[in-house]
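**Student:** Data: final-v3.cif, mmCIF, C-alpha atoms.
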data_target
loop_
_atom_site.group_PDB
_atom_site.id
_atom_site.type_symbol
_atom_site.label_atom_id
_atom_site.label_comp_id
_atom_site.auth_asym_id
_atom_site.auth_seq_id
_atom_site.Cartn_x
_atom_site.Cartn_y
_atom_site.Cartn_z
ATOM 1 C CA MET P 57 -43.465 150.019 83.246
ATOM 2 C CA PRO P 58 -42.090 147.896 80.422
ATOM 3 C CA VAL P 59 -44.157 144.747 79.882
ATOM 4 C CA PHE P 60 -41.065 142.570 79.652
ATOM 5 C CA SER P 61 -39.367 143.927 82.772
ATOM 6 C CA ASP P 62 -41.894 142.163 84.995
ATOM 7 C CA TYR P 63 -40.080 138.886 84.360
ATOM 8 C CA PRO P 64 -36.727 137.542 85.640
ATOM 9 C CA GLN P 65 -33.679 138.560 83.609
ATOM 10 C CA ALA P 66 -33.026 136.426 80.539
ATOM 11 C CA TYR P 67 -29.892 136.202 78.408
ATOM 12 C CA PRO P 68 -28.960 134.749 74.990
ATOM 13 C CA PHE P 69 -29.081 130.949 75.097
ATOM 14 C CA LEU P 70 -26.886 130.441 72.026
ATOM 15 C CA LYS P 71 -23.258 131.117 71.218
ATOM 16 C CA TRP P 72 -23.312 132.841 67.839
ATOM 17 C CA ALA P 73 -20.636 134.097 65.469
ATOM 18 C CA GLY P 74 -21.182 137.819 65.086
ATOM 19 C CA GLY P 75 -23.280 138.026 68.248
ATOM 20 C CA LYS P 76 -23.512 141.520 69.727
ATOM 21 C CA ARG P 77 -23.039 140.779 73.410
ATOM 22 C CA GLN P 78 -19.561 142.343 73.520
ATOM 23 C CA LEU P 79 -20.828 145.464 71.725
ATOM 24 C CA LEU P 80 -23.937 146.147 73.814
ATOM 25 C CA GLY P 81 -22.280 148.924 75.804
ATOM 26 C CA GLN P 82 -21.264 150.749 72.641
ATOM 27 C CA LEU P 83 -24.540 150.094 70.855
ATOM 28 C CA GLU P 84 -26.593 151.430 73.736
ATOM 29 C CA GLY P 85 -24.887 154.790 73.355
ATOM 30 C CA TYR P 86 -26.444 155.038 69.897
ATOM 31 C CA PHE P 87 -29.982 153.957 70.764
ATOM 32 C CA PRO P 88 -32.497 156.700 69.885
ATOM 33 C CA SER P 89 -33.389 158.930 72.846
ATOM 34 C CA GLN P 90 -37.066 158.211 72.125
ATOM 35 C CA LEU P 91 -36.499 154.657 73.344
ATOM 36 C CA GLU P 92 -35.888 155.698 76.933
ATOM 37 C CA GLN P 93 -38.549 158.405 76.743
ATOM 38 C CA GLY P 94 -41.202 155.826 75.931
ATOM 39 C CA ALA P 95 -41.974 157.204 72.460
ATOM 40 C CA ILE P 96 -40.872 153.866 70.988
ATOM 41 C CA SER P 97 -43.179 151.035 72.037
ATOM 42 C CA ARG P 98 -42.381 148.353 69.459
ATOM 43 C CA TYR P 99 -39.155 146.501 68.635
ATOM 44 C CA VAL P 100 -38.393 144.483 65.494
ATOM 45 C CA GLU P 101 -35.285 142.414 64.732
ATOM 46 C CA PRO P 102 -35.368 140.674 61.320
ATOM 47 C CA PHE P 103 -32.006 138.828 61.744
ATOM 48 C CA VAL P 104 -32.343 137.784 65.372
ATOM 49 C CA GLY P 105 -29.401 135.366 65.657
ATOM 50 C CA SER P 106 -28.606 134.844 69.340
ATOM 51 C CA GLY P 107 -30.689 137.890 70.245
ATOM 52 C CA ALA P 108 -28.238 139.855 72.408
ATOM 53 C CA VAL P 109 -29.690 143.222 71.345
ATOM 54 C CA PHE P 110 -33.234 141.846 71.504
ATOM 55 C CA PHE P 111 -32.842 140.697 75.115
ATOM 56 C CA LYS P 112 -31.194 143.979 76.098
ATOM 57 C CA ILE P 113 -33.785 146.290 74.580
ATOM 58 C CA ILE P 114 -37.014 144.572 75.583
ATOM 59 C CA GLN P 115 -35.882 144.178 79.215
ATOM 60 C CA SER P 116 -34.381 147.661 79.626
ATOM 61 C CA TYR P 117 -36.872 149.949 77.891
ATOM 62 C CA PRO P 118 -40.675 150.389 77.825
ATOM 63 C CA ILE P 119 -41.293 148.104 74.866
ATOM 64 C CA GLN P 120 -44.844 146.782 74.613
ATOM 65 C CA GLU P 121 -44.704 144.717 71.415
ATOM 66 C CA CYS P 122 -41.911 142.756 69.784
ATOM 67 C CA LEU P 123 -41.289 140.801 66.603
ATOM 68 C CA ILE P 124 -38.184 138.709 65.982
ATOM 69 C CA ALA P 125 -37.523 136.926 62.708
ATOM 70 C CA ASP P 126 -34.861 135.065 60.788
ATOM 71 C CA VAL P 127 -34.497 133.248 57.481
ATOM 72 C CA ASN P 128 -32.760 130.345 59.250
ATOM 73 C CA PRO P 129 -35.537 127.788 59.945
ATOM 74 C CA GLU P 130 -33.396 125.868 62.447
ATOM 75 C CA LEU P 131 -32.918 128.986 64.547
ATOM 76 C CA ILE P 132 -36.605 129.901 64.506
ATOM 77 C CA LEU P 133 -37.504 126.309 65.379
ATOM 78 C CA VAL P 134 -35.435 126.566 68.572
ATOM 79 C CA TYR P 135 -36.944 129.912 69.563
ATOM 80 C CA GLN P 136 -40.452 128.566 69.028
ATOM 81 C CA THR P 137 -39.690 125.357 70.917
ATOM 82 C CA ILE P 138 -38.494 127.350 73.941
ATOM 83 C CA GLN P 139 -41.627 129.477 73.644
ATOM 84 C CA LYS P 140 -43.990 126.476 73.479
ATOM 85 C CA ASP P 141 -42.412 123.648 75.519
ATOM 86 C CA VAL P 142 -39.355 124.703 77.472
ATOM 87 C CA GLU P 143 -39.787 121.941 80.074
ATOM 88 C CA GLY P 144 -39.652 119.233 77.424
ATOM 89 C CA LEU P 145 -36.471 120.780 76.039
ATOM 90 C CA ILE P 146 -34.888 121.053 79.488
ATOM 91 C CA GLU P 147 -35.628 117.383 80.172
ATOM 92 C CA GLN P 148 -33.912 116.238 76.974
ATOM 93 C CA LEU P 149 -30.918 118.547 77.459
ATOM 94 C CA ALA P 150 -30.487 117.298 81.037
ATOM 95 C CA ASP P 151 -30.247 113.722 79.754
ATOM 96 C CA ILE P 152 -27.746 114.720 77.057
ATOM 97 C CA GLU P 153 -25.605 116.731 79.471
ATOM 98 C CA SER P 154 -25.517 113.976 82.090
ATOM 99 C CA TYR P 155 -24.474 111.375 79.535
ATOM 100 C CA TYR P 156 -21.968 113.548 77.681
ATOM 101 C CA LEU P 157 -20.098 114.825 80.728
ATOM 102 C CA GLY P 158 -19.610 111.244 81.891
ATOM 103 C CA LEU P 159 -17.660 110.351 78.748
ATOM 104 C CA ASP P 160 -13.914 110.520 78.234
ATOM 105 C CA ALA P 161 -12.464 112.812 75.557
ATOM 106 C CA ALA P 162 -12.489 110.206 72.784
ATOM 107 C CA LYS P 163 -16.073 109.155 73.494
ATOM 108 C CA ARG P 164 -17.197 112.795 73.646
ATOM 109 C CA ARG P 165 -15.796 113.379 70.183
ATOM 110 C CA GLU P 166 -17.524 110.261 68.895
ATOM 111 C CA TYR P 167 -20.824 111.287 70.486
ATOM 112 C CA TYR P 168 -20.584 114.785 68.994
ATOM 113 C CA TYR P 169 -20.136 113.534 65.440
ATOM 114 C CA GLN P 170 -22.872 110.943 65.829
ATOM 115 C CA THR P 171 -25.253 113.641 67.081
ATOM 116 C CA ARG P 172 -24.253 115.889 64.183
ATOM 117 C CA LEU P 173 -25.016 113.043 61.770
ATOM 118 C CA ASN P 174 -28.387 112.416 63.429
ATOM 119 C CA TYR P 175 -29.171 116.133 63.288
ATOM 120 C CA ASN P 176 -28.465 116.296 59.553
ATOM 121 C CA ASP P 177 -30.324 113.051 58.783
ATOM 122 C CA GLN P 178 -33.342 114.230 60.760
ATOM 123 C CA ARG P 179 -33.756 117.411 58.709
ATOM 124 C CA ARG P 180 -35.698 115.800 55.855
ATOM 125 C CA LEU P 181 -38.260 114.460 58.347
ATOM 126 C CA ILE P 182 -38.974 117.791 60.051
ATOM 127 C CA ASN P 183 -42.045 119.868 59.324
ATOM 128 C CA PHE P 184 -40.748 123.357 60.083
ATOM 129 C CA SER P 185 -44.188 124.953 59.722
ATOM 130 C CA LYS P 186 -45.994 123.206 62.594
ATOM 131 C CA PHE P 187 -44.833 122.575 66.155
ATOM 132 C CA GLN P 188 -44.525 118.883 66.996
ATOM 133 C CA ALA P 189 -42.696 116.612 69.440
ATOM 134 C CA THR P 190 -39.744 116.138 67.079
ATOM 135 C CA TRP P 191 -38.979 119.864 67.431
ATOM 136 C CA ILE P 192 -37.962 119.285 71.041
ATOM 137 C CA GLU P 193 -35.367 116.656 70.151
ATOM 138 C CA ARG P 194 -34.085 118.761 67.241
ATOM 139 C CA SER P 195 -33.740 121.816 69.471
ATOM 140 C CA ALA P 196 -31.870 119.745 72.045
ATOM 141 C CA PHE P 197 -29.513 118.525 69.309
ATOM 142 C CA MET P 198 -28.882 122.067 68.107
ATOM 143 C CA LEU P 199 -28.200 123.446 71.589
ATOM 144 C CA PHE P 200 -25.862 120.554 72.343
ATOM 145 C CA LEU P 201 -23.965 121.061 69.074
ATOM 146 C CA ASN P 202 -23.840 124.801 69.706
ATOM 147 C CA ARG P 203 -22.332 124.317 73.164
ATOM 148 C CA THR P 204 -19.829 121.643 72.195
ATOM 149 C CA GLY P 205 -18.958 122.530 68.586
ATOM 150 C CA TYR P 206 -16.017 124.659 67.521
ATOM 151 C CA ASN P 207 -16.322 128.288 68.628
ATOM 152 C CA GLY P 208 -20.111 128.210 68.844
ATOM 153 C CA LEU P 209 -20.494 128.405 65.081
ATOM 154 C CA PHE P 210 -23.625 127.641 63.114
ATOM 155 C CA ARG P 211 -22.446 126.866 59.609
ATOM 156 C CA LEU P 212 -24.011 124.952 56.725
ATOM 157 C CA ASN P 213 -22.350 123.373 53.699
ATOM 158 C CA SER P 214 -23.667 123.573 50.141
ATOM 159 C CA LYS P 215 -26.090 120.712 50.868
ATOM 160 C CA GLY P 216 -27.587 122.557 53.833
ATOM 161 C CA GLU P 217 -25.901 120.243 56.330
ATOM 162 C CA PHE P 218 -24.494 121.436 59.646
ATOM 163 C CA ASN P 219 -20.721 120.895 59.371
ATOM 164 C CA VAL P 220 -19.070 122.544 62.396
ATOM 165 C CA PRO P 221 -16.257 120.372 63.861
ATOM 166 C CA PHE P 222 -15.941 119.189 67.450
ATOM 167 C CA GLY P 223 -14.960 121.897 69.936
ATOM 168 C CA ARG P 224 -12.955 120.003 72.601
ATOM 169 C CA TYR P 225 -14.318 121.924 75.614
ATOM 170 C CA LYS P 226 -13.397 120.404 78.977
ATOM 171 C CA ASN P 227 -16.575 121.249 80.878
ATOM 172 C CA PRO P 228 -19.185 122.805 78.582
ATOM 173 C CA ARG P 229 -22.439 124.029 80.103
ATOM 174 C CA ILE P 230 -24.966 122.330 77.891
ATOM 175 C CA LEU P 231 -28.027 123.108 80.021
ATOM 176 C CA ASP P 232 -28.900 126.355 81.803
ATOM 177 C CA ALA P 233 -32.418 125.504 82.902
ATOM 178 C CA GLU P 234 -33.047 128.731 84.800
ATOM 179 C CA ASN P 235 -32.159 130.921 81.837
ATOM 180 C CA LEU P 236 -34.176 128.798 79.402
ATOM 181 C CA ARG P 237 -37.241 129.201 81.626
ATOM 182 C CA ASN P 238 -36.676 132.953 81.840
ATOM 183 C CA VAL P 239 -36.280 133.134 78.056
ATOM 184 C CA SER P 240 -39.490 131.161 77.608
ATOM 185 C CA ARG P 241 -41.462 133.600 79.772
ATOM 186 C CA LEU P 242 -40.333 136.488 77.585
ATOM 187 C CA LEU P 243 -40.899 134.679 74.303
ATOM 188 C CA LYS P 244 -44.526 133.991 75.189
ATOM 189 C CA LEU P 245 -45.041 137.742 74.707
ATOM 190 C CA VAL P 246 -43.073 137.879 71.442
ATOM 191 C CA ARG P 247 -44.117 137.279 67.841
ATOM 192 C CA ILE P 248 -41.609 134.861 66.283
ATOM 193 C CA GLN P 249 -41.542 134.692 62.516
ATOM 194 C CA PHE P 250 -39.640 132.621 59.971
ATOM 195 C CA GLY P 251 -38.830 134.367 56.730
ATOM 196 C CA ASP P 252 -37.000 136.970 54.722
ATOM 197 C CA PHE P 253 -36.281 140.374 56.244
ATOM 198 C CA GLU P 254 -38.676 142.108 53.836
ATOM 199 C CA GLN P 255 -41.648 140.396 55.488
ATOM 200 C CA VAL P 256 -41.560 142.631 58.576
ATOM 201 C CA ALA P 257 -42.743 145.844 56.879
ATOM 202 C CA GLU P 258 -46.364 145.582 58.012
ATOM 203 C CA PHE P 259 -45.247 145.543 61.650
ATOM 204 C CA ILE P 260 -43.340 148.834 61.451
ATOM 205 C CA ASP P 261 -44.672 152.312 62.232
ATOM 206 C CA ASP P 262 -43.290 155.583 63.608
ATOM 207 C CA LYS P 263 -43.136 154.105 67.135
ATOM 208 C CA THR P 264 -40.982 151.158 66.091
ATOM 209 C CA LEU P 265 -37.248 150.556 66.480
ATOM 210 C CA VAL P 266 -35.818 148.135 63.920
ATOM 211 C CA TYR P 267 -32.360 146.624 64.339
ATOM 212 C CA PHE P 268 -30.810 144.857 61.354
ATOM 213 C CA ASP P 269 -27.864 142.529 62.001
ATOM 214 C CA PRO P 270 -27.459 140.666 58.697
ATOM 215 C CA PRO P 271 -24.660 138.270 57.787
ATOM 216 C CA TYR P 272 -21.672 140.566 57.444
ATOM 217 C CA ARG P 273 -20.107 141.419 54.116
ATOM 218 C CA PRO P 274 -16.758 139.546 53.975
ATOM 219 C CA LEU P 275 -13.706 141.747 54.493
ATOM 220 C CA SER P 276 -11.681 139.799 51.942
ATOM 221 C CA GLU P 277 -12.177 137.365 49.082
ATOM 222 C CA THR P 278 -11.151 134.470 51.333
ATOM 223 C CA ALA P 279 -13.458 135.388 54.236
ATOM 224 C CA HIS P 280 -16.784 133.949 53.163
ATOM 225 C CA PHE P 281 -18.400 133.004 56.456
ATOM 226 C CA THR P 282 -21.943 133.907 55.390
ATOM 227 C CA ALA P 283 -23.593 130.471 55.523
ATOM 228 C CA TYR P 284 -25.960 130.832 58.476
ATOM 229 C CA SER P 285 -28.776 129.549 56.265
ATOM 230 C CA HIS P 286 -29.340 128.105 52.804
ATOM 231 C CA ILE P 287 -29.286 131.665 51.412
ATOM 232 C CA ARG P 288 -25.849 133.148 50.726
ATOM 233 C CA PHE P 289 -25.858 136.809 51.668
ATOM 234 C CA ASP P 290 -23.726 138.238 48.879
ATOM 235 C CA ASP P 291 -23.429 141.850 47.660
ATOM 236 C CA ARG P 292 -26.717 141.610 45.804
ATOM 237 C CA GLN P 293 -28.449 140.700 49.050
ATOM 238 C CA GLN P 294 -26.641 143.512 50.871
ATOM 239 C CA LEU P 295 -27.892 146.020 48.282
ATOM 240 C CA ARG P 296 -31.412 144.602 48.455
ATOM 241 C CA LEU P 297 -31.298 145.197 52.204
ATOM 242 C CA ALA P 298 -30.071 148.764 51.633
ATOM 243 C CA ARG P 299 -33.028 149.439 49.309
ATOM 244 C CA TYR P 300 -35.409 148.003 51.898
ATOM 245 C CA TYR P 301 -33.807 150.178 54.570
ATOM 246 C CA ARG P 302 -34.634 153.253 52.471
ATOM 247 C CA GLN P 303 -38.184 152.019 52.017
ATOM 248 C CA LEU P 304 -38.669 151.662 55.767
ATOM 249 C CA ASP P 305 -37.112 155.069 56.349
ATOM 250 C CA LYS P 306 -39.864 156.592 54.205
ATOM 251 C CA GLN P 307 -42.451 154.440 55.947
ATOM 252 C CA GLY P 308 -41.423 155.720 59.383
ATOM 253 C CA GLY P 309 -39.650 154.131 62.302
ATOM 254 C CA PHE P 310 -36.187 154.238 63.812
ATOM 255 C CA LEU P 311 -33.598 152.100 62.011
ATOM 256 C CA MET P 312 -30.231 150.708 63.114
ATOM 257 C CA LEU P 313 -28.055 148.395 61.032
ATOM 258 C CA SER P 314 -24.732 146.704 61.771
ATOM 259 C CA ASN P 315 -22.221 145.417 59.229
ATOM 260 C CA SER P 316 -18.528 144.929 58.640
ATOM 261 C CA ASP P 317 -16.305 147.902 57.884
ATOM 262 C CA PRO P 318 -14.432 147.437 54.579
ATOM 263 C CA HIS P 319 -12.011 150.181 55.669
ATOM 264 C CA ASN P 320 -10.348 147.655 57.995
ATOM 265 C CA LEU P 321 -8.558 146.283 54.937
ATOM 266 C CA ASN P 322 -9.235 148.759 52.160
ATOM 267 C CA PRO P 323 -9.765 152.457 53.001
ATOM 268 C CA GLU P 324 -10.990 153.015 49.450
ATOM 269 C CA ASP P 325 -13.813 150.465 49.657
ATOM 270 C CA ASP P 326 -16.905 152.671 50.088
ATOM 271 C CA PHE P 327 -19.493 149.947 49.442
ATOM 272 C CA PHE P 328 -21.617 150.872 52.460
ATOM 273 C CA GLU P 329 -21.078 154.620 52.203
ATOM 274 C CA LYS P 330 -22.578 154.430 48.715
ATOM 275 C CA ALA P 331 -25.342 151.989 49.593
ATOM 276 C CA TYR P 332 -26.438 154.030 52.623
ATOM 277 C CA GLN P 333 -25.635 157.506 51.348
ATOM 278 C CA GLY P 334 -27.489 160.149 53.333
ATOM 279 C CA PHE P 335 -27.721 158.105 56.520
ATOM 280 C CA ARG P 336 -25.633 158.420 59.668
ATOM 281 C CA ILE P 337 -22.674 156.012 59.752
ATOM 282 C CA GLU P 338 -20.629 155.419 62.901
ATOM 283 C CA ARG P 339 -17.776 153.010 63.596
ATOM 284 C CA LEU P 340 -17.656 150.773 66.678
ATOM 285 C CA GLN P 341 -14.649 148.851 67.984
ATOM 286 C CA ALA P 342 -15.101 145.086 68.136
ATOM 287 C CA LYS P 343 -12.921 142.003 68.370
ATOM 288 C CA ARG P 344 -12.635 139.425 65.628
ATOM 289 C CA ASN P 345 -13.500 136.062 67.213
ATOM 290 C CA ILE P 346 -13.737 133.482 64.411
ATOM 291 C CA ASN P 347 -10.377 133.769 62.680
ATOM 292 C CA ARG P 348 -8.397 130.527 62.855
ATOM 293 C CA ASN P 349 -5.253 132.480 63.616
ATOM 294 C CA PRO P 350 -5.446 133.830 67.217
ATOM 295 C CA GLU P 351 -3.065 136.642 66.246
ATOM 296 C CA LYS P 352 -5.747 137.994 63.888
ATOM 297 C CA ARG P 353 -8.454 138.227 66.553
ATOM 298 C CA GLY P 354 -7.570 141.749 67.582
ATOM 299 C CA PRO P 355 -9.560 145.007 67.482
ATOM 300 C CA ILE P 356 -11.562 145.697 64.365
ATOM 301 C CA SER P 357 -14.119 148.359 63.493
ATOM 302 C CA GLU P 358 -17.724 147.642 62.566
ATOM 303 C CA LEU P 359 -20.314 149.929 61.023
ATOM 304 C CA LEU P 360 -23.492 151.138 62.673
ATOM 305 C CA ILE P 361 -25.899 152.830 60.267
ATOM 306 C CA MET P 362 -28.836 154.886 61.573
ATOM 307 C CA ASN P 363 -31.645 156.982 60.101
ATOM 308 C CA TYR P 364 -31.791 159.294 63.131
ATOM 309 C CA SER P 365 -29.347 161.757 64.674
#
Would you give me this structure, written as structure tokens?
**Tutor:**
Amino acid sequence: MPVFSDYPQAYPFLKWAGGKRQLLGQLEGYFPSQLEQGAISRYVEPFVGSGAVFFKIIQSYPIQECLIADVNPELILVYQTIQKDVEGLIEQLADIESYYLGLDAAKRREYYYQTRLNYNDQRRLINFSKFQATWIERSAFMLFLNRTGYNGLFRLNSKGEFNVPFGRYKNPRILDAENLRNVSRLLKLVRIQFGDFEQVAEFIDDKTLVYFDPPYRPLSETAHFTAYSHIRFDDRQQLRLARYYRQLDKQGGFLMLSNSDPHNLNPEDDFFEKAYQGFRIERLQAKRNINRNPEKRGPISELLIMNYS
């Protein structure tokens, strides 16, 4: 029996641009057969984001060990806070939700921007390397901003400040206490790591499934939504990841990687075909969700790159 399946079902607690929840059905069709057979006992996700694939895999298959990581310290702080003190977080979110939902539209907007300002001002006072009481308040701020900000984005400006505008939701669900508790139970069995994707190599062997979901390569020169952290994931970073992918392939393990499909706009753009030459490349159908123009949120293909057949 899978270790993680002994616990109540948990789901992603964040809204996240590029999250894989809508693609889980398609992705599952490409999981290696060894996963269901029990030959894969370890799961690693170096760009965890909202964790849709993480939650799916560890609760559906006989995974015994798991590592999740991300280079975004704010994201890892929230995961670790839920792991270490979910009740403290629930208490603060309950207070925020009760107060916020009692405000009129104008006051909600004002409260959102004041919280965003507090969140950005607080950053210089946070020790991201050691859990402390201030993590609970910061996590509550982030979850509130995530649930009430525009389209569930997490976006930083050049100064590293969170700059997502107000979302104008009528009745946002800021607190889901039951799910947060279920997430916390799972995370107590998970290794959570802050850092670059190359730091996970020591955790990978021939019984490991690794899923890479990096910031996507922009489909056009004007589509530069890559600022999930202070590091801009440009083409040099994409190629560094491709080299690391080849390294892990030689090391052993089952590898999956998602990215944008340049062929949506330019059929002659073979950036990924060249970078991942020799590996299996499939195209999945997704829906663009973050374009400002609703008419441009239609079907779009994404790449899934695997080192197994």
**Student:** Between region 251-276 of chain P and region 125-145 of chain P, at 8 Å or less, what are the per-residue closest atom pairs and their distances in Å? Count only C-alpha atoms, order by chain and rising residue number, and return it as a Markdown table.
**Tutor:**
| residue | atom | partner | partner_atom | distance |
| --- | --- | --- | --- | --- |
| P:Gly251 | CA | P:Val127 | CA | 4.5 |
| P:Asp252 | CA | P:Val127 | CA | 5.3 |
| P:Phe253 | CA | P:Asp126 | CA | 7.1 |
**Student:** Which residue is closest to Leu79 (chain P)? Choose from P:Ala189, P:Glu254, P:Ala108, P:Ser316 and count only C-alpha atoms.
**Tutor:**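 So, comparing all the options, the nearest one is P:Ala108.
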**Student:** Go through P:Phe69, P:Phe328, P:Phe222, P:Tyr63 and flag the residue nearest Gln115 (chain P), using only C-alpha atoms for the distances.
**Tutor:**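 Checking each candidate against Gln115 (chain P), we get P:Tyr63 as the closest.
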**Student:** Counting all atoms listed in the file, find residues at most 12 Å from (-11.3, 120.7, 68.6) (file frame) and give them as a PyMOL selection string.
**Tutor:** chain P and resi 161-162+164-165+168-169+204-208+220-226+348
**Student:** What would the file look like if the residues just selected were written as a short mmCIF file (atom, residue, chain, number, x, y, z; two decimals), keeping the file's coordinate frame with C-alpha atoms?
**Tutor:**
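Generated output (selection_0.cif):
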data_model
loop_
_atom_site.label_atom_id
_atom_site.label_comp_id
_atom_site.auth_asym_id
_atom_site.auth_seq_id
_atom_site.Cartn_x
_atom_site.Cartn_y
_atom_site.Cartn_z
CA ALA P 161 -12.46 112.81 75.56
CA ALA P 162 -12.49 110.21 72.78
CA ARG P 164 -17.20 112.80 73.65
CA ARG P 165 -15.80 113.38 70.18
CA TYR P 168 -20.58 114.78 68.99
CA TYR P 169 -20.14 113.53 65.44
CA THR P 204 -19.83 121.64 72.19
CA GLY P 205 -18.96 122.53 68.59
CA TYR P 206 -16.02 124.66 67.52
CA ASN P 207 -16.32 128.29 68.63
CA GLY P 208 -20.11 128.21 68.84
CA VAL P 220 -19.07 122.54 62.40
CA PRO P 221 -16.26 120.37 63.86
CA PHE P 222 -15.94 119.19 67.45
CA GLY P 223 -14.96 121.90 69.94
CA ARG P 224 -12.96 120.00 72.60
CA TYR P 225 -14.32 121.92 75.61
CA LYS P 226 -13.40 120.40 78.98
CA ARG P 348 -8.40 130.53 62.86
#
**Student:** For the point (-20.5, 152.4, 63.7) in file coordinates, what residues are within 10 Å, counting all atoms listed in the file? Give the answer as a ChimeraX atom specification?
**Tutor:** /P:82-83,86,312-317,336-341,357-362
**Student:** Counting only C-alpha atoms, figure out which residue out of P:Leu245, P:Ala150, P:Leu275, P:Ile114 gets nearest to Phe200 (chain P).
**Tutor:**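 Of the candidates, the smallest distance to Phe200 (chain P) is held by P:Ala150.
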**Student:** What's the separation between CA of Lys306 (chain P) and CA of Tyr364 (chain P), in Å to one decimal place?
**Tutor:**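 According to the coordinates, CA of Lys306 (chain P) and CA of Tyr364 (chain P) are separated by 12.3 Å.
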**Student:** I'd like the interatomic distance between CA of Asn202 (chain P) and CA of Lys71 (chain P), to a tenth of an Å.
**Tutor:**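 Distance reported for this atom pair: 6.5 Å.
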**Student:** Take the PyMOL selection byres ((chain P and resi 258-273) around 8), apply it to the structure above, and return the hits as number ranges by chain.
**Tutor:** P: 95-104, 123, 255-257, 274-275, 282, 284, 289-291, 294, 304, 307-316
**Student:** Would you mind exporting C-alpha atoms of the selected residues as a PDB file, in the frame of the given file?
**Tutor:**
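Wrote it out as again06.pdb, contents follow:
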ATOM      1  CA  ALA P  95     -41.974 157.204  72.460  1.00  0.00           C
ATOM      2  CA  ILE P  96     -40.872 153.866  70.988  1.00  0.00           C
ATOM      3  CA  SER P  97     -43.179 151.035  72.037  1.00  0.00           C
ATOM      4  CA  ARG P  98     -42.381 148.353  69.459  1.00  0.00           C
ATOM      5  CA  TYR P  99     -39.155 146.501  68.635  1.00  0.00           C
ATOM      6  CA  VAL P 100     -38.393 144.483  65.494  1.00  0.00           C
ATOM      7  CA  GLU P 101     -35.285 142.414  64.732  1.00  0.00           C
ATOM      8  CA  PRO P 102     -35.368 140.674  61.320  1.00  0.00           C
ATOM      9  CA  PHE P 103     -32.006 138.828  61.744  1.00  0.00           C
ATOM     10  CA  VAL P 104     -32.343 137.784  65.372  1.00  0.00           C
ATOM     11  CA  LEU P 123     -41.289 140.801  66.603  1.00  0.00           C
ATOM     12  CA  GLN P 255     -41.648 140.396  55.488  1.00  0.00           C
ATOM     13  CA  VAL P 256     -41.560 142.631  58.576  1.00  0.00           C
ATOM     14  CA  ALA P 257     -42.743 145.844  56.879  1.00  0.00           C
ATOM     15  CA  PRO P 274     -16.758 139.546  53.975  1.00  0.00           C
ATOM     16  CA  LEU P 275     -13.706 141.747  54.493  1.00  0.00           C
ATOM     17  CA  THR P 282     -21.943 133.907  55.390  1.00  0.00           C
ATOM     18  CA  TYR P 284     -25.960 130.832  58.476  1.00  0.00           C
ATOM     19  CA  PHE P 289     -25.858 136.809  51.668  1.00  0.00           C
ATOM     20  CA  ASP P 290     -23.726 138.238  48.879  1.00  0.00           C
ATOM     21  CA  ASP P 291     -23.429 141.850  47.660  1.00  0.00           C
ATOM     22  CA  GLN P 294     -26.641 143.512  50.871  1.00  0.00           C
ATOM     23  CA  LEU P 304     -38.669 151.662  55.767  1.00  0.00           C
ATOM     24  CA  GLN P 307     -42.451 154.440  55.947  1.00  0.00           C
ATOM     25  CA  GLY P 308     -41.423 155.720  59.383  1.00  0.00           C
ATOM     26  CA  GLY P 309     -39.650 154.131  62.302  1.00  0.00           C
ATOM     27  CA  PHE P 310     -36.187 154.238  63.812  1.00  0.00           C
ATOM     28  CA  LEU P 311     -33.598 152.100  62.011  1.00  0.00           C
ATOM     29  CA  MET P 312     -30.231 150.708  63.114  1.00  0.00           C
ATOM     30  CA  LEU P 313     -28.055 148.395  61.032  1.00  0.00           C
ATOM     31  CA  SER P 314     -24.732 146.704  61.771  1.00  0.00           C
ATOM     32  CA  ASN P 315     -22.221 145.417  59.229  1.00  0.00           C
ATOM     33  CA  SER P 316     -18.528 144.929  58.640  1.00  0.00           C
TER      34      SER P 316
END
**Student:** Go through P:Arg172, P:Arg180, P:Lys215, P:Lys112 one by one, measure the shortest atom-to-atom distance of each to Phe197 (chain P) using all atoms listed in the file, and give the residue with the smallest value.
**Tutor:**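 So, comparing all the options, the nearest one is P:Arg172.
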